[in-house]
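J.: The file below is input25.txt, compact mmCIF, N, CA and C atoms:
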```
# COMPACT_ATOMS: atom_id res chain seq x y z
N GLN A 1 54.62 -46.17 -9.90
CA GLN A 1 54.32 -44.94 -10.60
C GLN A 1 55.22 -43.83 -10.06
N VAL A 2 55.82 -43.12 -10.97
CA VAL A 2 56.72 -42.04 -10.58
C VAL A 2 55.93 -40.85 -10.07
N GLN A 3 56.38 -40.31 -8.97
CA GLN A 3 55.79 -39.08 -8.43
C GLN A 3 56.87 -38.03 -8.28
N LEU A 4 56.51 -36.80 -8.56
CA LEU A 4 57.45 -35.69 -8.49
C LEU A 4 56.93 -34.64 -7.53
N VAL A 5 57.82 -34.13 -6.70
CA VAL A 5 57.49 -33.05 -5.79
C VAL A 5 58.40 -31.88 -6.11
N GLU A 6 57.78 -30.77 -6.47
CA GLU A 6 58.52 -29.57 -6.84
C GLU A 6 58.42 -28.53 -5.72
N SER A 7 59.43 -27.68 -5.66
CA SER A 7 59.39 -26.57 -4.72
C SER A 7 60.30 -25.47 -5.23
N GLY A 8 60.10 -24.28 -4.69
CA GLY A 8 61.05 -23.21 -4.94
C GLY A 8 60.58 -22.08 -5.81
N GLY A 9 59.39 -22.15 -6.38
CA GLY A 9 58.94 -21.03 -7.19
C GLY A 9 58.60 -19.82 -6.32
N GLY A 10 58.23 -18.74 -6.98
CA GLY A 10 57.87 -17.55 -6.23
C GLY A 10 57.93 -16.31 -7.09
N SER A 11 57.84 -15.17 -6.42
CA SER A 11 57.88 -13.87 -7.09
C SER A 11 59.11 -13.11 -6.66
N VAL A 12 59.86 -12.63 -7.64
CA VAL A 12 61.08 -11.88 -7.35
C VAL A 12 61.16 -10.67 -8.27
N LEU A 13 62.12 -9.82 -7.98
CA LEU A 13 62.39 -8.67 -8.83
C LEU A 13 63.46 -9.04 -9.85
N ALA A 14 63.48 -8.33 -10.95
CA ALA A 14 64.49 -8.55 -11.97
C ALA A 14 65.89 -8.47 -11.36
N GLY A 15 66.73 -9.41 -11.74
CA GLY A 15 68.08 -9.47 -11.23
C GLY A 15 68.25 -10.39 -10.02
N GLU A 16 67.14 -10.79 -9.44
CA GLU A 16 67.22 -11.67 -8.28
C GLU A 16 67.26 -13.14 -8.71
N SER A 17 67.32 -14.02 -7.73
CA SER A 17 67.52 -15.44 -8.00
C SER A 17 66.43 -16.29 -7.36
N LEU A 18 66.22 -17.45 -7.93
CA LEU A 18 65.36 -18.47 -7.35
C LEU A 18 66.00 -19.84 -7.58
N ARG A 19 65.66 -20.77 -6.73
CA ARG A 19 66.15 -22.14 -6.87
C ARG A 19 64.95 -23.07 -6.87
N LEU A 20 64.80 -23.81 -7.95
CA LEU A 20 63.73 -24.80 -8.05
C LEU A 20 64.30 -26.18 -7.75
N SER A 21 63.53 -26.95 -6.99
CA SER A 21 63.94 -28.32 -6.67
C SER A 21 62.85 -29.30 -7.07
N CYS A 22 63.29 -30.48 -7.47
CA CYS A 22 62.35 -31.53 -7.86
C CYS A 22 62.90 -32.86 -7.35
N THR A 23 62.07 -33.55 -6.58
CA THR A 23 62.45 -34.86 -6.05
C THR A 23 61.52 -35.92 -6.60
N ALA A 24 62.12 -36.97 -7.12
CA ALA A 24 61.34 -38.05 -7.74
C ALA A 24 61.30 -39.26 -6.83
N SER A 25 60.19 -39.95 -6.87
CA SER A 25 60.05 -41.20 -6.14
C SER A 25 59.24 -42.17 -6.99
N GLY A 26 59.27 -43.43 -6.61
CA GLY A 26 58.47 -44.42 -7.31
C GLY A 26 59.20 -45.17 -8.39
N SER A 27 60.49 -44.98 -8.48
CA SER A 27 61.27 -45.72 -9.46
C SER A 27 62.50 -46.30 -8.78
N ASP A 28 62.76 -47.58 -9.01
CA ASP A 28 63.91 -48.21 -8.39
C ASP A 28 65.21 -47.90 -9.11
N SER A 29 65.11 -47.47 -10.33
CA SER A 29 66.32 -47.21 -11.10
C SER A 29 66.48 -45.71 -11.32
N SER A 30 67.64 -45.36 -11.80
CA SER A 30 67.87 -43.95 -12.13
C SER A 30 67.09 -43.60 -13.39
N PHE A 31 66.95 -42.33 -13.64
CA PHE A 31 66.18 -41.85 -14.77
C PHE A 31 67.09 -41.55 -15.95
N ILE A 32 66.60 -41.86 -17.15
CA ILE A 32 67.43 -41.59 -18.32
C ILE A 32 67.52 -40.09 -18.57
N ILE A 33 66.54 -39.35 -18.11
CA ILE A 33 66.60 -37.90 -18.24
C ILE A 33 65.76 -37.26 -17.16
N MET A 34 66.22 -36.13 -16.66
CA MET A 34 65.50 -35.31 -15.70
C MET A 34 65.68 -33.87 -16.15
N GLY A 35 64.65 -33.08 -15.97
CA GLY A 35 64.82 -31.70 -16.41
C GLY A 35 63.69 -30.80 -16.01
N TRP A 36 63.80 -29.57 -16.44
CA TRP A 36 62.78 -28.54 -16.19
C TRP A 36 62.32 -27.97 -17.52
N TYR A 37 61.01 -27.82 -17.62
CA TYR A 37 60.39 -27.16 -18.75
C TYR A 37 59.61 -25.96 -18.22
N ARG A 38 59.31 -25.06 -19.13
CA ARG A 38 58.44 -23.93 -18.79
C ARG A 38 57.25 -23.94 -19.72
N GLN A 39 56.14 -23.47 -19.18
CA GLN A 39 54.91 -23.45 -19.97
C GLN A 39 54.41 -22.03 -20.10
N ALA A 40 54.27 -21.63 -21.34
CA ALA A 40 53.79 -20.29 -21.65
C ALA A 40 52.26 -20.23 -21.54
N PRO A 41 51.68 -19.03 -21.53
CA PRO A 41 50.21 -18.91 -21.44
C PRO A 41 49.47 -19.66 -22.54
N ASP A 42 50.12 -19.89 -23.68
CA ASP A 42 49.47 -20.65 -24.75
C ASP A 42 49.62 -22.15 -24.55
N ASN A 43 50.14 -22.56 -23.37
CA ASN A 43 50.29 -23.96 -22.98
C ASN A 43 51.41 -24.70 -23.69
N ARG A 44 52.22 -23.98 -24.41
CA ARG A 44 53.36 -24.62 -25.07
C ARG A 44 54.49 -24.78 -24.06
N ARG A 45 55.01 -25.98 -23.93
CA ARG A 45 56.10 -26.26 -23.01
C ARG A 45 57.42 -26.34 -23.76
N THR A 46 58.40 -25.65 -23.22
CA THR A 46 59.72 -25.67 -23.84
C THR A 46 60.77 -26.03 -22.79
N LEU A 47 61.83 -26.63 -23.24
CA LEU A 47 62.89 -27.07 -22.36
C LEU A 47 63.63 -25.88 -21.77
N VAL A 48 63.92 -25.96 -20.49
CA VAL A 48 64.79 -24.99 -19.84
C VAL A 48 66.18 -25.61 -19.66
N ALA A 49 66.21 -26.78 -19.05
CA ALA A 49 67.47 -27.48 -18.84
C ALA A 49 67.17 -28.94 -18.54
N SER A 50 68.08 -29.81 -18.95
CA SER A 50 67.90 -31.23 -18.69
C SER A 50 69.25 -31.89 -18.46
N ILE A 51 69.19 -33.04 -17.79
CA ILE A 51 70.40 -33.80 -17.54
C ILE A 51 70.11 -35.27 -17.81
N THR A 52 71.01 -35.92 -18.54
CA THR A 52 70.82 -37.33 -18.85
C THR A 52 71.43 -38.20 -17.74
N ARG A 53 71.18 -39.48 -17.85
CA ARG A 53 71.69 -40.42 -16.86
C ARG A 53 73.20 -40.35 -16.75
N ASN A 54 73.88 -40.13 -17.86
CA ASN A 54 75.34 -40.08 -17.81
C ASN A 54 75.88 -38.69 -17.51
N GLY A 55 75.00 -37.76 -17.20
CA GLY A 55 75.45 -36.46 -16.72
C GLY A 55 75.53 -35.35 -17.75
N ALA A 56 75.13 -35.62 -18.96
CA ALA A 56 75.16 -34.57 -19.98
C ALA A 56 74.04 -33.57 -19.73
N ILE A 57 74.38 -32.30 -19.69
CA ILE A 57 73.41 -31.24 -19.40
C ILE A 57 73.16 -30.42 -20.66
N ASN A 58 71.91 -30.11 -20.87
CA ASN A 58 71.51 -29.31 -22.00
C ASN A 58 70.71 -28.11 -21.49
N TYR A 59 71.05 -26.93 -21.96
CA TYR A 59 70.34 -25.72 -21.57
C TYR A 59 69.69 -25.07 -22.78
N ALA A 60 68.54 -24.46 -22.54
CA ALA A 60 67.96 -23.60 -23.54
C ALA A 60 68.87 -22.38 -23.70
N ALA A 61 68.84 -21.79 -24.86
CA ALA A 61 69.70 -20.64 -25.12
C ALA A 61 69.46 -19.53 -24.10
N SER A 62 68.21 -19.35 -23.71
CA SER A 62 67.87 -18.28 -22.76
C SER A 62 68.38 -18.56 -21.36
N ALA A 63 68.71 -19.82 -21.08
CA ALA A 63 69.14 -20.21 -19.75
C ALA A 63 70.66 -20.24 -19.61
N LYS A 64 71.36 -20.36 -20.70
CA LYS A 64 72.81 -20.47 -20.66
C LYS A 64 73.44 -19.24 -20.01
N GLY A 65 74.33 -19.50 -19.08
CA GLY A 65 75.03 -18.42 -18.41
C GLY A 65 74.31 -17.85 -17.20
N ARG A 66 73.02 -18.16 -17.06
CA ARG A 66 72.26 -17.65 -15.93
C ARG A 66 71.73 -18.76 -15.03
N PHE A 67 71.38 -19.89 -15.63
CA PHE A 67 70.80 -20.99 -14.88
C PHE A 67 71.81 -22.13 -14.78
N THR A 68 71.73 -22.84 -13.65
CA THR A 68 72.59 -24.00 -13.44
C THR A 68 71.76 -25.17 -12.94
N LEU A 69 71.85 -26.27 -13.66
CA LEU A 69 71.13 -27.48 -13.27
C LEU A 69 72.09 -28.43 -12.57
N SER A 70 71.66 -28.95 -11.45
CA SER A 70 72.47 -29.93 -10.73
C SER A 70 71.60 -31.10 -10.31
N ARG A 71 72.26 -32.20 -10.00
CA ARG A 71 71.52 -33.42 -9.66
C ARG A 71 72.18 -34.12 -8.48
N ASP A 72 71.34 -34.65 -7.62
CA ASP A 72 71.78 -35.56 -6.57
C ASP A 72 71.16 -36.91 -6.91
N SER A 73 71.96 -37.78 -7.49
CA SER A 73 71.43 -39.05 -7.98
C SER A 73 70.90 -39.92 -6.86
N ALA A 74 71.58 -39.90 -5.73
CA ALA A 74 71.15 -40.73 -4.61
C ALA A 74 69.78 -40.31 -4.10
N LYS A 75 69.52 -39.01 -4.10
CA LYS A 75 68.24 -38.49 -3.62
C LYS A 75 67.23 -38.36 -4.75
N LYS A 76 67.65 -38.62 -5.99
CA LYS A 76 66.78 -38.48 -7.17
C LYS A 76 66.18 -37.08 -7.20
N THR A 77 67.05 -36.12 -7.00
CA THR A 77 66.65 -34.72 -6.96
C THR A 77 67.43 -33.92 -7.99
N ILE A 78 66.75 -33.00 -8.65
CA ILE A 78 67.44 -32.03 -9.47
C ILE A 78 67.09 -30.64 -8.96
N ASP A 79 68.06 -29.76 -9.05
CA ASP A 79 67.88 -28.37 -8.65
C ASP A 79 68.21 -27.48 -9.83
N LEU A 80 67.43 -26.44 -9.98
CA LEU A 80 67.70 -25.46 -11.02
C LEU A 80 67.93 -24.12 -10.34
N GLU A 81 69.18 -23.69 -10.33
CA GLU A 81 69.53 -22.39 -9.78
C GLU A 81 69.37 -21.36 -10.88
N MET A 82 68.49 -20.40 -10.65
CA MET A 82 68.21 -19.39 -11.66
C MET A 82 68.65 -18.03 -11.15
N ASN A 83 69.65 -17.48 -11.80
CA ASN A 83 70.21 -16.19 -11.42
C ASN A 83 69.87 -15.12 -12.44
N ASN A 84 69.96 -13.87 -11.99
CA ASN A 84 69.69 -12.73 -12.88
C ASN A 84 68.37 -12.93 -13.63
N LEU A 85 67.33 -13.26 -12.88
CA LEU A 85 66.03 -13.48 -13.51
C LEU A 85 65.50 -12.20 -14.12
N GLN A 86 64.79 -12.38 -15.22
CA GLN A 86 64.21 -11.27 -15.96
C GLN A 86 62.72 -11.49 -16.15
N PRO A 87 61.97 -10.44 -16.40
CA PRO A 87 60.52 -10.61 -16.58
C PRO A 87 60.15 -11.66 -17.62
N GLU A 88 60.96 -11.81 -18.64
CA GLU A 88 60.66 -12.81 -19.66
C GLU A 88 60.83 -14.24 -19.19
N ASP A 89 61.38 -14.42 -17.99
CA ASP A 89 61.49 -15.75 -17.41
C ASP A 89 60.19 -16.16 -16.71
N THR A 90 59.26 -15.26 -16.60
CA THR A 90 57.99 -15.54 -15.95
C THR A 90 57.22 -16.62 -16.69
N ASP A 91 56.86 -17.67 -15.99
CA ASP A 91 56.11 -18.79 -16.54
C ASP A 91 55.84 -19.79 -15.41
N VAL A 92 55.12 -20.83 -15.75
CA VAL A 92 55.00 -21.98 -14.85
C VAL A 92 56.09 -22.97 -15.26
N TYR A 93 56.85 -23.43 -14.28
CA TYR A 93 57.96 -24.34 -14.54
C TYR A 93 57.56 -25.75 -14.08
N TYR A 94 57.86 -26.72 -14.93
CA TYR A 94 57.48 -28.11 -14.66
C TYR A 94 58.72 -29.00 -14.65
N CYS A 95 58.77 -29.85 -13.66
CA CYS A 95 59.80 -30.87 -13.61
C CYS A 95 59.36 -32.05 -14.49
N PHE A 96 60.31 -32.66 -15.14
CA PHE A 96 60.03 -33.80 -16.02
C PHE A 96 61.10 -34.86 -15.80
N VAL A 97 60.67 -36.11 -15.72
CA VAL A 97 61.62 -37.22 -15.63
C VAL A 97 61.11 -38.35 -16.51
N ARG A 98 62.06 -39.17 -16.95
CA ARG A 98 61.69 -40.34 -17.74
C ARG A 98 62.57 -41.50 -17.30
N ALA A 99 61.92 -42.61 -16.94
CA ALA A 99 62.68 -43.74 -16.40
C ALA A 99 63.37 -44.54 -17.50
N SER A 100 62.71 -44.69 -18.65
CA SER A 100 63.30 -45.44 -19.74
C SER A 100 62.57 -45.09 -21.02
N LEU A 101 63.11 -45.55 -22.12
CA LEU A 101 62.48 -45.29 -23.40
C LEU A 101 61.20 -46.09 -23.57
N ALA A 102 61.03 -47.09 -22.74
CA ALA A 102 59.85 -47.95 -22.86
C ALA A 102 58.61 -47.36 -22.20
N VAL A 103 58.80 -46.29 -21.42
CA VAL A 103 57.66 -45.71 -20.72
C VAL A 103 57.60 -44.21 -20.99
N ASP A 104 56.43 -43.65 -20.80
CA ASP A 104 56.28 -42.21 -20.94
C ASP A 104 56.94 -41.50 -19.76
N GLY A 105 57.23 -40.26 -19.97
CA GLY A 105 57.78 -39.47 -18.89
C GLY A 105 56.70 -39.03 -17.92
N SER A 106 57.14 -38.43 -16.81
CA SER A 106 56.23 -37.95 -15.78
C SER A 106 56.48 -36.48 -15.54
N TRP A 107 55.41 -35.76 -15.27
CA TRP A 107 55.48 -34.33 -15.03
C TRP A 107 55.12 -34.00 -13.59
N GLY A 108 55.77 -32.97 -13.08
CA GLY A 108 55.39 -32.45 -11.79
C GLY A 108 54.14 -31.59 -11.91
N GLN A 109 53.74 -31.01 -10.78
CA GLN A 109 52.49 -30.24 -10.76
C GLN A 109 52.69 -28.82 -11.24
N GLY A 110 53.92 -28.40 -11.38
CA GLY A 110 54.21 -27.05 -11.85
C GLY A 110 54.39 -26.08 -10.70
N THR A 111 55.30 -25.16 -10.90
CA THR A 111 55.54 -24.12 -9.90
C THR A 111 55.69 -22.79 -10.62
N GLN A 112 55.01 -21.78 -10.11
CA GLN A 112 54.99 -20.47 -10.76
C GLN A 112 56.24 -19.69 -10.45
N VAL A 113 56.83 -19.14 -11.47
CA VAL A 113 57.94 -18.19 -11.33
C VAL A 113 57.49 -16.87 -11.93
N THR A 114 57.51 -15.83 -11.12
CA THR A 114 57.09 -14.51 -11.57
C THR A 114 58.21 -13.52 -11.30
N VAL A 115 58.63 -12.82 -12.33
CA VAL A 115 59.70 -11.85 -12.21
C VAL A 115 59.18 -10.48 -12.62
N SER A 116 59.29 -9.54 -11.72
CA SER A 116 58.80 -8.18 -11.97
C SER A 116 59.96 -7.23 -12.22
N SER A 117 59.71 -6.28 -13.07
CA SER A 117 60.77 -5.30 -13.38
C SER A 117 60.75 -4.15 -12.40
```
Could you spell out this file's structure in structure tokens?
T.:
Amino acid sequence: QVQLVESGGGSVLAGESLRLSCTASGSDSSFIIMGWYRQAPDNRRTLVASITRNGAINYAASAKGRFTLSRDSAKKTIDLEMNNLQPEDTDVYYCFVRASLAVDGSWGQGTQVTVSS
């Protein structure tokens, strides 16, 4: 069973930065996709950034130019560097990974990001 450990959330002022990290365990193979989602107060989760097994990265429009997703395949870790954070970035951020198309993905426990103006 895949387990995810997230870290790096917190409270910052507008314009500051945070780095979220997610480490996966419980899978012998690499993941077909790893990424970060955010969850709004209405519980709707939307993609922030993701990376496929072959290294293709996809960013939400709001993240382009400010956030950078990186991966350490050997450590099964992804990091999301978030720069120039704004109050509208405030949400709970969840790590997501999927080992294959044959199984459901796994979610982390969530980490709060709060940005004050």
J.: So which residues of chain A fall under strand (DSSP E or B) by DSSP, listed as a PyMOL selection string?
T.: chain A and resi 3-7+10-13+18-25+33-39+45-52+57-59+67-72+77-82+91-98+106-107+111-116
J.: Between atom CA of Val113 of chain A and atom CA of Ser70 of chain A, measure the distance and give it in Å to one decimal.
T.: 18.7 Å
J.: Pull the neighbourhood of (67.2, -14.1, -7.9) for me: all residues within 8 Å in file coordinates, counting all atoms listed in the file, as a PyMOL selection string.
T.: chain A and resi 12-19+82-86
J.: Using only N, CA and C atoms, which of the listed residues (A:Ser106, A:Val92, A:Ala99, A:Asn54) sits closest to Ser30 of chain A?
T.: A:Ala99
J.: Go ahead and find all residues with at least one atom no further than 6.5 Å from (65.2, -27.3, -9.9) in the file's coordinates, using all atoms listed in the file; report them as a ChimeraX atom specification.
T.: /A:19-22,78-81
J.: For atom CA of Ser73 of chain A and atom CA of Asp89 of chain A, quote the distance in Å rounded to one decimal.
T.: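 So the two atoms, atom CA of Ser73 of chain A and atom CA of Asp89 of chain A, lie 27.0 Å apart.
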J.: Which of these, A:Cys95, A:Gln3, A:Ala61, A:Asp72, has the shortest distance to Gly35 of chain A once you count all atoms listed in the file?
T.: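 Result for the nearest residue to Gly35 of chain A: A:Cys95.
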J.: By how many Å are atom CA of Tyr37 of chain A and atom CA of Tyr93 of chain A apart?
T.: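 It comes out at 5.6 Å.
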J.: For Ser29 of chain A, which residue among A:Phe96, A:Lys75, A:Ala49, A:Gln112 is the nearest when counting only C-alpha atoms?
T.: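 Counting only C-alpha atoms, the residue closest to Ser29 of chain A is A:Lys75.
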J.: Can you work out which one of A:Ile33, A:Ala24, A:Phe67, A:Ala40 has the shortest atom-to-atom distance to Thr52 of chain A, counting all atoms listed in the file?
T.: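 When distances to Thr52 of chain A are compared using all atoms listed in the file, the smallest one comes from A:Ile33.
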J.: Rebuild N, CA, C and O atoms on segment 56-69 of chain A, as a PDB file, keeping the file's coordinate frame?
T.:
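result.pdb, freshly written:
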```pdb
ATOM      1  N   ALA A  56      75.130 -35.620 -18.960  1.00  0.00           N
ATOM      2  CA  ALA A  56      75.160 -34.570 -19.980  1.00  0.00           C
ATOM      3  C   ALA A  56      74.040 -33.570 -19.730  1.00  0.00           C
ATOM      4  O   ALA A  56      72.880 -33.955 -19.570  1.00  0.00           O
ATOM      5  N   ILE A  57      74.380 -32.300 -19.690  1.00  0.00           N
ATOM      6  CA  ILE A  57      73.410 -31.240 -19.400  1.00  0.00           C
ATOM      7  C   ILE A  57      73.160 -30.420 -20.660  1.00  0.00           C
ATOM      8  O   ILE A  57      74.121 -30.063 -21.363  1.00  0.00           O
ATOM      9  N   ASN A  58      71.910 -30.110 -20.870  1.00  0.00           N
ATOM     10  CA  ASN A  58      71.510 -29.310 -22.000  1.00  0.00           C
ATOM     11  C   ASN A  58      70.710 -28.110 -21.490  1.00  0.00           C
ATOM     12  O   ASN A  58      69.814 -28.277 -20.658  1.00  0.00           O
ATOM     13  N   TYR A  59      71.050 -26.930 -21.960  1.00  0.00           N
ATOM     14  CA  TYR A  59      70.340 -25.720 -21.570  1.00  0.00           C
ATOM     15  C   TYR A  59      69.690 -25.070 -22.780  1.00  0.00           C
ATOM     16  O   TYR A  59      70.262 -25.061 -23.880  1.00  0.00           O
ATOM     17  N   ALA A  60      68.540 -24.460 -22.540  1.00  0.00           N
ATOM     18  CA  ALA A  60      67.960 -23.600 -23.540  1.00  0.00           C
ATOM     19  C   ALA A  60      68.870 -22.380 -23.700  1.00  0.00           C
ATOM     20  O   ALA A  60      69.580 -21.994 -22.767  1.00  0.00           O
ATOM     21  N   ALA A  61      68.840 -21.790 -24.860  1.00  0.00           N
ATOM     22  CA  ALA A  61      69.700 -20.640 -25.120  1.00  0.00           C
ATOM     23  C   ALA A  61      69.460 -19.530 -24.100  1.00  0.00           C
ATOM     24  O   ALA A  61      70.393 -18.855 -23.653  1.00  0.00           O
ATOM     25  N   SER A  62      68.210 -19.350 -23.710  1.00  0.00           N
ATOM     26  CA  SER A  62      67.870 -18.280 -22.760  1.00  0.00           C
ATOM     27  C   SER A  62      68.380 -18.560 -21.360  1.00  0.00           C
ATOM     28  O   SER A  62      68.469 -17.655 -20.532  1.00  0.00           O
ATOM     29  N   ALA A  63      68.710 -19.820 -21.080  1.00  0.00           N
ATOM     30  CA  ALA A  63      69.140 -20.210 -19.750  1.00  0.00           C
ATOM     31  C   ALA A  63      70.660 -20.240 -19.610  1.00  0.00           C
ATOM     32  O   ALA A  63      71.180 -20.140 -18.486  1.00  0.00           O
ATOM     33  N   LYS A  64      71.360 -20.360 -20.700  1.00  0.00           N
ATOM     34  CA  LYS A  64      72.810 -20.470 -20.660  1.00  0.00           C
ATOM     35  C   LYS A  64      73.440 -19.240 -20.010  1.00  0.00           C
ATOM     36  O   LYS A  64      73.085 -18.109 -20.327  1.00  0.00           O
ATOM     37  N   GLY A  65      74.330 -19.500 -19.080  1.00  0.00           N
ATOM     38  CA  GLY A  65      75.030 -18.420 -18.410  1.00  0.00           C
ATOM     39  C   GLY A  65      74.310 -17.850 -17.200  1.00  0.00           C
ATOM     40  O   GLY A  65      74.901 -17.114 -16.415  1.00  0.00           O
ATOM     41  N   ARG A  66      73.020 -18.160 -17.060  1.00  0.00           N
ATOM     42  CA  ARG A  66      72.260 -17.650 -15.930  1.00  0.00           C
ATOM     43  C   ARG A  66      71.730 -18.760 -15.030  1.00  0.00           C
ATOM     44  O   ARG A  66      71.603 -18.577 -13.821  1.00  0.00           O
ATOM     45  N   PHE A  67      71.380 -19.890 -15.630  1.00  0.00           N
ATOM     46  CA  PHE A  67      70.800 -20.990 -14.880  1.00  0.00           C
ATOM     47  C   PHE A  67      71.810 -22.130 -14.780  1.00  0.00           C
ATOM     48  O   PHE A  67      72.590 -22.375 -15.700  1.00  0.00           O
ATOM     49  N   THR A  68      71.730 -22.840 -13.650  1.00  0.00           N
ATOM     50  CA  THR A  68      72.590 -24.000 -13.440  1.00  0.00           C
ATOM     51  C   THR A  68      71.760 -25.170 -12.940  1.00  0.00           C
ATOM     52  O   THR A  68      71.054 -25.039 -11.935  1.00  0.00           O
ATOM     53  N   LEU A  69      71.850 -26.270 -13.660  1.00  0.00           N
ATOM     54  CA  LEU A  69      71.130 -27.480 -13.270  1.00  0.00           C
ATOM     55  C   LEU A  69      72.090 -28.430 -12.570  1.00  0.00           C
ATOM     56  O   LEU A  69      73.205 -28.652 -13.052  1.00  0.00           O
TER      57      LEU A  69
END
```
